[in-house]
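Asker: Dumping the structure here so I can ask a few things about it.
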Amino acid sequence: MGLFSEFREFAARGNVVDLAVGVIIGAAFGKITTSLVDQVVMPPIGLLLGEVDFSRLEWVLKPEDPATEAVEKVAIQYGAFINTLIQFLIVAFVVFLLVKGINRMRRKQAEQGDPAPAAPTATEALLTEIRDELRKRP
């Protein structure tokens, strides 16, 4: 089997396609979450805390020297970290809700169990009686 045909067989498997779809949707969800945090959640929080823009909060360790290009500002950008942390919490909460919903559906299915088999039709009942009578004969 050639390399190309093996790769095609691998890529055509359902799990690989499902994984690819999950990664693409996850990347899109990440962008939505970033936008939600940066443009919806953080501005009101910043306003409540005295008009603070969290994305620009930083501790400057070494200030930039405008006289020379060689010296760049060195800073710990803890505001961006706070934004990323809030994004993570939102994603983790959504995943938690998703898993919780799936678990609830699985519990309902387990409680219901297998449905009782349907009663045999009149023809099946008659054939069963005939079979049982034939077995009784020597």
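Chain labels run A, B, ... following the order of the structure tokens; each chain numbers its residues from 1, and ligands are numbered from 1 in the order shown.
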Can you list every residue in region 4-85 of chain A that DSSP puts in strand (DSSP E), as a PyMOL selection string?

Answerer: chain A and resi 59-62+74-76

Asker: Nearest residue to Ile86 (chain A) out of A:Phe54, A:Val99, A:Phe7, A:Gly22, using only C-alpha atoms?

Answerer: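 Answer, going by the shortest atom-to-atom distance: A:Phe54.
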
Asker: Pick out the residues sitting within 9 Å of Gln87 (chain A), and hand them over as a list of chain:residue names; count only C-alpha atoms, and ignore anything fewer than 2 positions along from it in its own chain.

Answerer: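 Once the adjacent positions are removed, what remains is A:Gly30, A:Thr33, A:Thr34, A:Leu36, A:Val37, A:Asp38, A:Ile82, A:Asn83, A:Thr84, A:Leu85, A:Leu89, A:Ile90, A:Val91, A:Ala92.
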
Asker: Would you output that residue set with all heavy atoms, as a short mmCIF file (atom, residue, chain, number, x, y, z; two decimals), in the first residue's frame?

Answerer:
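Result file follows (out_12.cif):
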```cif
data_model
loop_
_atom_site.label_atom_id
_atom_site.label_comp_id
_atom_site.auth_asym_id
_atom_site.auth_seq_id
_atom_site.Cartn_x
_atom_site.Cartn_y
_atom_site.Cartn_z
N GLY A 30 -12.56 30.11 20.43
CA GLY A 30 -11.53 30.88 21.12
C GLY A 30 -11.56 32.34 20.72
O GLY A 30 -11.41 33.23 21.56
N THR A 33 -14.57 33.92 22.36
CA THR A 33 -14.31 34.13 23.78
C THR A 33 -13.39 35.32 24.00
O THR A 33 -13.62 36.14 24.90
CB THR A 33 -13.70 32.87 24.40
OG1 THR A 33 -14.56 31.76 24.15
CG2 THR A 33 -13.51 33.02 25.89
N THR A 34 -12.35 35.44 23.18
CA THR A 34 -11.44 36.57 23.29
C THR A 34 -12.19 37.88 23.07
O THR A 34 -12.03 38.84 23.83
CB THR A 34 -10.31 36.45 22.26
OG1 THR A 34 -9.60 35.23 22.51
CG2 THR A 34 -9.36 37.62 22.34
N LEU A 36 -15.41 38.37 23.48
CA LEU A 36 -16.34 38.56 24.59
C LEU A 36 -15.63 39.16 25.80
O LEU A 36 -16.11 40.12 26.40
CB LEU A 36 -16.99 37.21 24.97
CG LEU A 36 -17.89 37.22 26.19
CD1 LEU A 36 -19.17 37.98 25.89
CD2 LEU A 36 -18.20 35.81 26.63
N VAL A 37 -14.48 38.62 26.13
CA VAL A 37 -13.75 39.12 27.30
C VAL A 37 -13.22 40.52 27.07
O VAL A 37 -13.42 41.42 27.89
CB VAL A 37 -12.60 38.16 27.68
CG1 VAL A 37 -11.71 38.77 28.73
CG2 VAL A 37 -13.16 36.83 28.17
N ASP A 38 -12.54 40.73 25.93
CA ASP A 38 -11.89 42.01 25.67
C ASP A 38 -12.88 43.15 25.43
O ASP A 38 -12.62 44.29 25.82
CB ASP A 38 -10.96 41.90 24.47
CG ASP A 38 -9.74 41.04 24.76
OD1 ASP A 38 -9.46 40.78 25.95
OD2 ASP A 38 -9.07 40.62 23.79
N ILE A 82 -4.62 38.74 33.13
CA ILE A 82 -5.97 38.72 33.74
C ILE A 82 -7.01 38.46 32.66
O ILE A 82 -7.93 37.66 32.86
CB ILE A 82 -6.24 40.03 34.50
CG1 ILE A 82 -5.35 40.11 35.75
CG2 ILE A 82 -7.71 40.14 34.90
CD1 ILE A 82 -5.40 41.45 36.46
N ASN A 83 -6.88 39.12 31.51
CA ASN A 83 -7.82 38.88 30.40
C ASN A 83 -7.78 37.42 29.97
O ASN A 83 -8.82 36.79 29.76
CB ASN A 83 -7.48 39.78 29.21
CG ASN A 83 -7.98 41.18 29.37
OD1 ASN A 83 -8.68 41.51 30.33
ND2 ASN A 83 -7.63 42.04 28.44
N THR A 84 -6.59 36.86 29.83
CA THR A 84 -6.45 35.47 29.41
C THR A 84 -7.04 34.53 30.46
O THR A 84 -7.68 33.53 30.12
CB THR A 84 -4.98 35.13 29.15
OG1 THR A 84 -4.46 36.04 28.18
CG2 THR A 84 -4.81 33.72 28.65
N LEU A 85 -6.85 34.85 31.72
CA LEU A 85 -7.40 34.03 32.80
C LEU A 85 -8.93 34.04 32.75
O LEU A 85 -9.57 32.99 32.90
CB LEU A 85 -6.90 34.55 34.15
CG LEU A 85 -7.28 33.75 35.38
CD1 LEU A 85 -6.65 32.36 35.31
CD2 LEU A 85 -6.84 34.47 36.63
N LEU A 89 -11.52 30.89 32.15
CA LEU A 89 -12.64 30.56 33.03
C LEU A 89 -13.94 30.44 32.25
O LEU A 89 -14.76 29.56 32.53
CB LEU A 89 -12.76 31.60 34.15
CG LEU A 89 -11.62 31.59 35.17
CD1 LEU A 89 -11.76 32.77 36.14
CD2 LEU A 89 -11.56 30.28 35.91
N ILE A 90 -14.14 31.31 31.27
CA ILE A 90 -15.35 31.24 30.45
C ILE A 90 -15.36 29.94 29.65
O ILE A 90 -16.37 29.22 29.61
CB ILE A 90 -15.46 32.46 29.52
CG1 ILE A 90 -15.77 33.71 30.35
CG2 ILE A 90 -16.54 32.24 28.46
CD1 ILE A 90 -15.69 35.00 29.56
N VAL A 91 -14.24 29.60 29.01
CA VAL A 91 -14.18 28.36 28.23
C VAL A 91 -14.37 27.15 29.14
O VAL A 91 -15.11 26.22 28.81
CB VAL A 91 -12.84 28.27 27.46
CG1 VAL A 91 -12.66 26.89 26.85
CG2 VAL A 91 -12.78 29.33 26.38
N ALA A 92 -13.73 27.15 30.30
CA ALA A 92 -13.87 26.02 31.23
C ALA A 92 -15.31 25.88 31.71
O ALA A 92 -15.83 24.76 31.82
CB ALA A 92 -12.94 26.22 32.43
#
```
